[in-house]
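Below: one structure, written as structure tokens.
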Amino acid sequence: MNVHPPCPETDGSILNRNLQWWLLGGLIFLILFARSPGVLLLPPLQAEDGSHVFAYFYEHREPIQILREKAGYIPLLANLIGYLSVRLPATMIPYGLTWLPLLLTLAAYSLFFSRRYRVIIASDAVRALVCLLFALAPLSQFHLLAHTDYSIWNALLLLILLGGMPLPAGSARAAPCWLLINLLVWAHPLSIVLLPLQLYFAWRDRSRRAWYLATALNLVLYQYLGTKGGQVFAHQDLLSILALLGRSLVATVTMLGDIASRTVLGQPLFAWARQHMGFLIVYVDLAVILLVGCAAVPDAGYRRLAWVLLYLMAGMTFLSLLSRGLSLADLETYRGGPRYCYLQSLGVLVLLAGGVSSLLSSPAGRRALHPALPSPGRMICAAALLHYYLLNTQYGHYLVVNADAKDPAYQKSPYYPGNPMNGRIVQTFFRDLAASEANLQPGYAARLVAEKPGDWPIDITVGGAASPDHCPSTRRLCRLVQPFD
């Protein structure tokens, strides 16, 4: 890819660029909304968002709670979203816990369109396609798109996009970017994967060496103050440590092969191929390796991109497996969690898009194309969008009704929140919460419980300590009101 220094932008080009940003962001939003509108219109606050995040921050309102530890680490950005959301009017709290993470998702998905990333993929159109594929490819689940507890994953994506590149030119642009990077460092325990890149930037850029070294120090401090990462090898002898490292390395290679083929085939076809046609997965992996290799040989820029992405993908997978101490027998359970393959799958999309772009723009690629053919770039973009649209139809999304989806035994789409009634239950719960806050008499406490079929209940106390007795399990939503002791 031939990358030229950007030309100064005129007022007209800036206006046009802003219009492109708004159009791209709108398309990404429409893709996400059309796939699972119910999650956004009637947020079900599934899993931790209702039972842990909302319940905790509603009852613990001190600013220090922003540093709440969860599962052995401090998810600073998710904590901040929870802390701010419970300060909204009661009926708006579910939307804060859902739409604020969605805004983070939109920012992470659209950032790659920035001119700053022309040094990675020169074509604005190809980068816009990658942004759209981030949203369209069914490689995740709705938790990863609009869920406060799982927002740590798109926070990590945003950190990689910002911290995986040198700081922008000029202090006015570099300072806010640097501050945001150091905030995002405390959003996810796998942020340490950026440490080698920050040290590399510090070595290459003497003028901003202190900035990069400060970020590197922040990454290390978070591991020791904000996570339990330093305890991975606690109370283990040398042989046990070597065995754990070996298992994690083997599992990483296995996982990366699965992720590449899963990204291309989609989860339903990938699962079918693993059971009935395992060689198809091998062929897909070989095709990805061949494409990346053929593009990397003549193009030094793409070669650097490929090495960095492969390092990030392998590093995140290895550290995640290592921190859990999984055996190879436990790998199947780990594979079932979309969040553990999510960012690596997005990395595969960037690798494929960059590789195709590099091959088409190379002299050999231009010579191989017949002049009578339509623009190959446009054809490939259209084919990629159609392919991932069709993968969505396997779940019955986007105006296509999959007959199998009507069968209760059919594995439901990961973009549906389970029981469709839970959104209504949550809406009723927060209306009752608003009424309790408005009408509760001094000296009284209200205990509100929302029991959601197939999900964790929401259980909070309004105004003070309530009776420890449980609400009747047969009631979907109930309230106990009693005076203080």
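By order of appearance in the structure tokens: chains A, B, ..., then residues from 1 within every chain, and ligands from 1 in the order shown.
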Write out as JSON, numbers by chain which residues come within 10 Å of A:Ile28 when counting only C-alpha atoms, dropping same-chain ones fewer than 6 positions away. {"A": [22, 105, 106, 109, 110, 131, 132, 133, 134, 135, 136]}
Go ahead and dump the residues you just picked, C-alpha atoms, as a PDB file, in the first residue's frame.
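Now in part.pdb:
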ATOM      1  CA  TRP A  22     -22.134  10.787  10.646  1.00  0.00           C
ATOM      2  CA  THR A 105     -19.447   0.390  20.954  1.00  0.00           C
ATOM      3  CA  LEU A 106     -20.270   2.949  18.250  1.00  0.00           C
ATOM      4  CA  TYR A 109     -16.442   0.491  15.728  1.00  0.00           C
ATOM      5  CA  SER A 110     -16.214   3.775  13.839  1.00  0.00           C
ATOM      6  CA  CYS A 131     -16.113  -0.632  10.476  1.00  0.00           C
ATOM      7  CA  LEU A 132     -19.382  -1.897   8.986  1.00  0.00           C
ATOM      8  CA  LEU A 133     -18.215  -5.511   9.240  1.00  0.00           C
ATOM      9  CA  PHE A 134     -17.363  -4.988  12.909  1.00  0.00           C
ATOM     10  CA  ALA A 135     -21.090  -4.359  13.402  1.00  0.00           C
ATOM     11  CA  LEU A 136     -22.562  -6.709  10.782  1.00  0.00           C
TER      12      LEU A 136
END
Selection near A:Val350, 12 Å with only C-alpha atoms, sequence-local residues under 3 positions removed, as an MDAnalysis selection string: chainID A and resid 109 112 117 120:121 126:134 161 260 263 288 292 302 305:306 308:310 313 343:347 353:358
What does the structure give for the distance between atom CA of A:Ala445 and atom CA of A:Gly463, in Å to one decimal? 4.7 Å
